[in-house]
Amino acid sequence: MVAARHRAPATALVRLGETRLAHADAGALAGVRREAWRRFLETGIPTTRVEDWKYARIDALLARPFAAPGPAEPAAGTLAAAFAGGPRARRLILANGRVLAGPSHVGGLPPGMRVLSLAEAIARFPERVAEVLAEVPDPGPFTDLNTALAEDGAWIELEEGVRPEVPLQLLFVAVGEPSAVMAHPRVVVRLGAGARLHLIESHLAEGAGHVLTNLVLQVRLDEGAELVHEKLQAAEGGHALLARTSVRLATGARLRDRVATVGGDFVRNELDVRLEGEGGEALMAGLYLPRDREQVDTLVRVHHHAPRCHSDQFYKGVVEDRARAAFAGRITVHPGAQDTDAYQQNRNLLLSDEAEVDAKPELEIFADEVRCSHGATVGGLDEAALFYLRTRGIGRAAAEALLTYAFAGEVVTRFDDPELAAQLRRAILARVPGGGMLDPEGLVA
Amino acid sequence: MAMLEIENLHVTADGKEIVRGLDLAVPAGEVHAIMGPNGSGKSTLAYVLAGREDYEVTEGRVRFLGRDLLAMEPEERAAAGLFLAMQYPVEIPGVSNTYFLRQAVNALRKARGEPEMKPAEFMKRLREAARTVGIREELLRRDLNADFSGGEKKRNEILQLLVLEPAFAILDETDSGLDIDALKAVARAVNGLRGPERGFLVITHYQRLLEFIVPDRVHVMVEGRIVRSGGKELARELEERGYEPFLREAA
Ligand SMILES: Nc1ncnc2c1ncn2[C@@H]1O[C@H](COP(=O)(O)OP(=O)(O)O)[C@@H](O)[C@H]1O
Ligand SMILES: [Mg+2]
């Protein structure tokens, strides 16, 4: 039996999981994994009749006959094209969920900063790993699945006051295999008081196939800690990505979260932010640009638990062809979180009659002195602007491309890392109809 | 043959006839002014000439340099040498003023089979134009018309006019909302472009602009028609007597 409106996981998936668990860890970690697995089986896979999964055909995706992933070795050129963070950036590279020690480079870190593969962390301190994996709030079936099956990923710890000068990049490569495969990478980030980290997360693909990456990134920011998290998802070729990011912020901690989705058959971004200490700040922005029959689902949950926190969500979408996008953003201001500032904006540009966008902003306010606003728009290109450009000699197709780029560019400007922003700009130009007509020189929005 | 020839033009929008049998011819080398009360259809005429699609031409024809203007796309009209300085320039966030204008210059050149303008040459021309119309360099880097003041938007239209150097320019109430210095800057720019090959149609509500851009002909437009044409002195007459007598005639 599974929960209402859920479906029992396919036999292939269950068998894969049971086999993995039988050979896995001992001690507390084994207990945490079994418990998560039990919850996963008990809940099952959400169908589209579950509100949070209304627009996601996740049950069909998970019904594929998954096999255990083989060794994956992406080409050096594939990787280099996605390098970001500057020449001195540290980098951890994962192929189908497993860390590739060879091309990764996480040496020479400042004292008090530790970057390990999750596999290594499990080998060295399994009890701590067990404790941390169990602490994600409201896990849901896919986080449970990840907790049960995560073999590798990253363990990133910065002690109090540690502020590395260069970014750390996590590069996830989906390498197409003959059969469908699943990967469950887990990334743990803990920043001590006053620590600061610029974390770049890149997703790309090599070769077509059906790699389903079920990633969980869990973050804890202690007092006054600061995380800049910038994510670029460009994994074209039949792959799917479920990405759950969970961030807990203590007093005065700050989060800047950026995400851009420019490739992936099915991408689900869940961001769960909990402002647990006074004066915390979470600034979130995102862009999704699905085309063909791609689907991008964005689910943002912001919880204001403490007074005087500020959150801001700014998400834009450009949806082409027969693609679909859904945005659901919920702001919850809990009792006692007075003097809250919480904003949300979701703007969508539909470029075809067959494209679809579903936007659902939600506000739940249980405190006083709250300044909240939210709004969602769905529309086409501005005809007056198109006409204006055309009267200056710019042809219709180029004018449309320019306006579409400009719409998306508003999110690009919010990315901090210039290399990542440049990659994103190129990806947008490659996706926007007529983008090839635009001169990239000077098109820096 | 005149550069721009409008014959018996009828235009409707939302089922309402706005331009109602308008005739007008502007020969090369001349500046013509259209004056008329608010709502007489001046902007509608300008938009229709530039190719805006939410108007329907029900009757008449327009020839521009011998070609059937109404059959052309807006960008084709621009390539043929037509320019409209709009009464209400459109704000385009996310596109820098400079980038936009460089794309425009090169699109026009491409359409005419000419090579792209060298970036250095373009920047030189842009800076010169900015100086002529009194636009700060900072405004060139900003998003097109976004957060520009009303006056800055109007000057920016004239900046485009200077950089694009069209054969024929329509100025739709470029003067409204401008102070005297801005007005003089606009006039300086237009007068600098005047020449035997160029034509201008200056739409205005007031006679003031015409003291600085002295027209060859003045036309009075009321309720979608030209009701009277004359020399530059007609502008002064209108200033003194107002549109009242023409409105009575039209009624
Ligand atoms: N797109 C439109 N749809 C409906 N009515 C319009 C449209 N554009 C203009 N009009 C109407 O046509 C009349 C003339 O407007 P306009 O051309 O702007 O006059 P002017 O520029 O002389 O002040 C006005 O009554 C205006 O409301
Ligand atoms: Mg007008």
# chains A, B, ... in the order shown; residues from 1 in each chain; ligands from 1
>>> interface_residues(of="chain B", to="chain A", cutoff="10 Å", atoms="only C-alpha atoms", output="VMD selection string")
chain B and resid 47 50 to 54 73 to 86 89 to 96 98 to 111 143 160 to 161 164 166
>>> select_by_dssp(residues="segment 89-232 of chain A", states="strand (DSSP E)", output="PyMOL selection string")
chain A and resi 90-95+98-99+113-117+153-158+168-175+181-183+186-191+196-206+211-221+226-232
>>> residues_near_ligand(ligand="ligand 1", cutoff="8 Å", atoms="only C-alpha atoms and all ligand atoms", output="PyMOL selection string")
chain B and resi 12-18+36-46+54-55+172+223-224
>>> residues_around(residues="segment 28-37 of chain A", least_positions_apart="2", cutoff="7 Å", atoms="only C-alpha atoms", output="list in words")
Ala24, Asp25, Ala26, Arg39, Phe40, Leu41, Pro126, Glu127, Ala130, Ala134, Asp144, Leu145, Thr147 and Ala148 of chain A
>>> closest_residue(among="B:Asn8, B:Thr132, B:Ser229, B:Ser176", to="ligand 2", atoms="only C-alpha atoms and all ligand atoms")
B:Ser176
>>> closest_residue(among="A:Arg88, A:Val302, A:Phe314, A:Ala323", to="Thr340 of chain A", atoms="only C-alpha atoms")
A:Val302
>>> select_by_dssp(residues="segment 43-164 of chain A", states="helix (DSSP H, G or I)", output="ChimeraX atom specification")
/A:43,51-53,58-62,76-80,118-124,126-133,140-149
>>> closest_residue(among="B:Ala182, B:Lys232, B:Leu4, B:Asp175", to="ligand 2", atoms="only C-alpha atoms and all ligand atoms")
B:Asp175
>>> residues_around(residues="segment 418-429 of chain A", least_positions_apart="2", cutoff="9 Å", atoms="only C-alpha atoms", output="VMD selection string")
chain A and resid 81 to 86 200 202 230 to 232 234 260 262 to 263 289 401 405 408 to 409 412 to 416 431 to 438 440 443 to 445
>>> atom_distance(atom1="atom CA of Arg90 of chain A", atom2="atom CA of Leu287 of chain A")
25.4 Å
>>> residues_around(residues="segment 190-202 of chain B", least_positions_apart="3", cutoff="8 Å", atoms="only C-alpha atoms", output="list in words")
Met3, Val26, Pro27, Ala28, Gly29, Glu30, Val31, His32, Ala33, Ile34, Leu162, Glu165, Pro166, Ala167, Phe168, Ala169, Ile170, Leu171, Asp172, Glu173, Val186, Ala187 and Ile213 of chain B
>>> write_last_selection(atoms="N, CA and C atoms", output="tab-separated table (two decimals), in the first residue's frame")
chain	number	residue	atom	x	y	z
B	3	MET	N	8.48	62.92	-52.93
B	3	MET	CA	9.07	61.80	-52.20
B	3	MET	C	7.99	60.96	-51.54
B	26	VAL	N	4.86	65.44	-50.15
B	26	VAL	CA	6.05	66.14	-49.68
B	26	VAL	C	7.19	65.88	-50.66
B	27	PRO	N	7.61	66.90	-51.40
B	27	PRO	CA	8.72	66.71	-52.34
B	27	PRO	C	10.06	66.63	-51.61
B	28	ALA	N	11.04	66.02	-52.26
B	28	ALA	CA	12.39	65.95	-51.69
B	28	ALA	C	12.89	67.36	-51.43
B	29	GLY	N	13.66	67.52	-50.38
B	29	GLY	CA	14.25	68.82	-50.06
B	29	GLY	C	13.34	69.73	-49.25
B	30	GLU	N	12.09	69.28	-48.97
B	30	GLU	CA	11.17	70.17	-48.25
B	30	GLU	C	10.85	69.68	-46.84
B	31	VAL	N	10.49	70.64	-46.02
B	31	VAL	CA	10.00	70.32	-44.69
B	31	VAL	C	8.54	70.74	-44.63
B	32	HIS	N	7.67	69.75	-44.39
B	32	HIS	CA	6.26	70.09	-44.23
B	32	HIS	C	5.84	69.90	-42.78
B	33	ALA	N	4.95	70.76	-42.35
B	33	ALA	CA	4.45	70.64	-40.99
B	33	ALA	C	2.98	70.28	-41.02
B	34	ILE	N	2.58	69.41	-40.10
B	34	ILE	CA	1.15	69.16	-39.91
B	34	ILE	C	0.79	69.65	-38.53
B	162	LEU	N	19.81	61.14	-36.17
B	162	LEU	CA	21.13	61.58	-36.61
B	162	LEU	C	22.01	60.41	-37.01
B	165	GLU	N	20.39	58.56	-40.24
B	165	GLU	CA	20.37	59.40	-41.45
B	165	GLU	C	19.36	58.95	-42.50
B	166	PRO	N	18.07	58.91	-42.14
B	166	PRO	CA	17.07	58.45	-43.10
B	166	PRO	C	16.83	59.50	-44.19
B	167	ALA	N	16.27	59.04	-45.30
B	167	ALA	CA	15.95	59.96	-46.39
B	167	ALA	C	14.75	60.83	-46.02
B	168	PHE	N	13.86	60.23	-45.22
B	168	PHE	CA	12.64	60.96	-44.88
B	168	PHE	C	12.30	60.71	-43.41
B	169	ALA	N	12.08	61.78	-42.67
B	169	ALA	CA	11.78	61.62	-41.25
B	169	ALA	C	10.45	62.25	-40.89
B	170	ILE	N	9.68	61.50	-40.11
B	170	ILE	CA	8.44	62.03	-39.55
B	170	ILE	C	8.71	62.28	-38.07
B	171	LEU	N	8.45	63.49	-37.63
B	171	LEU	CA	8.63	63.81	-36.22
B	171	LEU	C	7.27	64.04	-35.60
B	172	ASP	N	6.84	63.12	-34.75
B	172	ASP	CA	5.51	63.24	-34.16
B	172	ASP	C	5.59	63.90	-32.79
B	173	GLU	N	5.23	65.16	-32.75
B	173	GLU	CA	5.23	65.94	-31.51
B	173	GLU	C	6.51	65.78	-30.71
B	186	VAL	N	17.04	69.97	-30.76
B	186	VAL	CA	16.32	69.17	-31.75
B	186	VAL	C	16.34	69.88	-33.11
B	187	ALA	N	16.06	71.18	-33.08
B	187	ALA	CA	16.02	71.96	-34.32
B	187	ALA	C	17.39	71.97	-35.00
B	213	ILE	N	12.56	75.24	-36.70
B	213	ILE	CA	12.60	74.44	-37.93
B	213	ILE	C	11.60	75.08	-38.87
>>> residues_around(residues="Gly264 of chain A", least_positions_apart="2", cutoff="6 Å", atoms="only C-alpha atoms", output="list in words")
Ala235, Glu236, His239, Ala240, Phe266 and Val267 of chain A
>>> residues_around(residues="Leu62 of chain A", least_positions_apart="5", cutoff="9 Å", atoms="only C-alpha atoms", output="VMD selection string")
chain A and resid 9 to 10 13 45 212
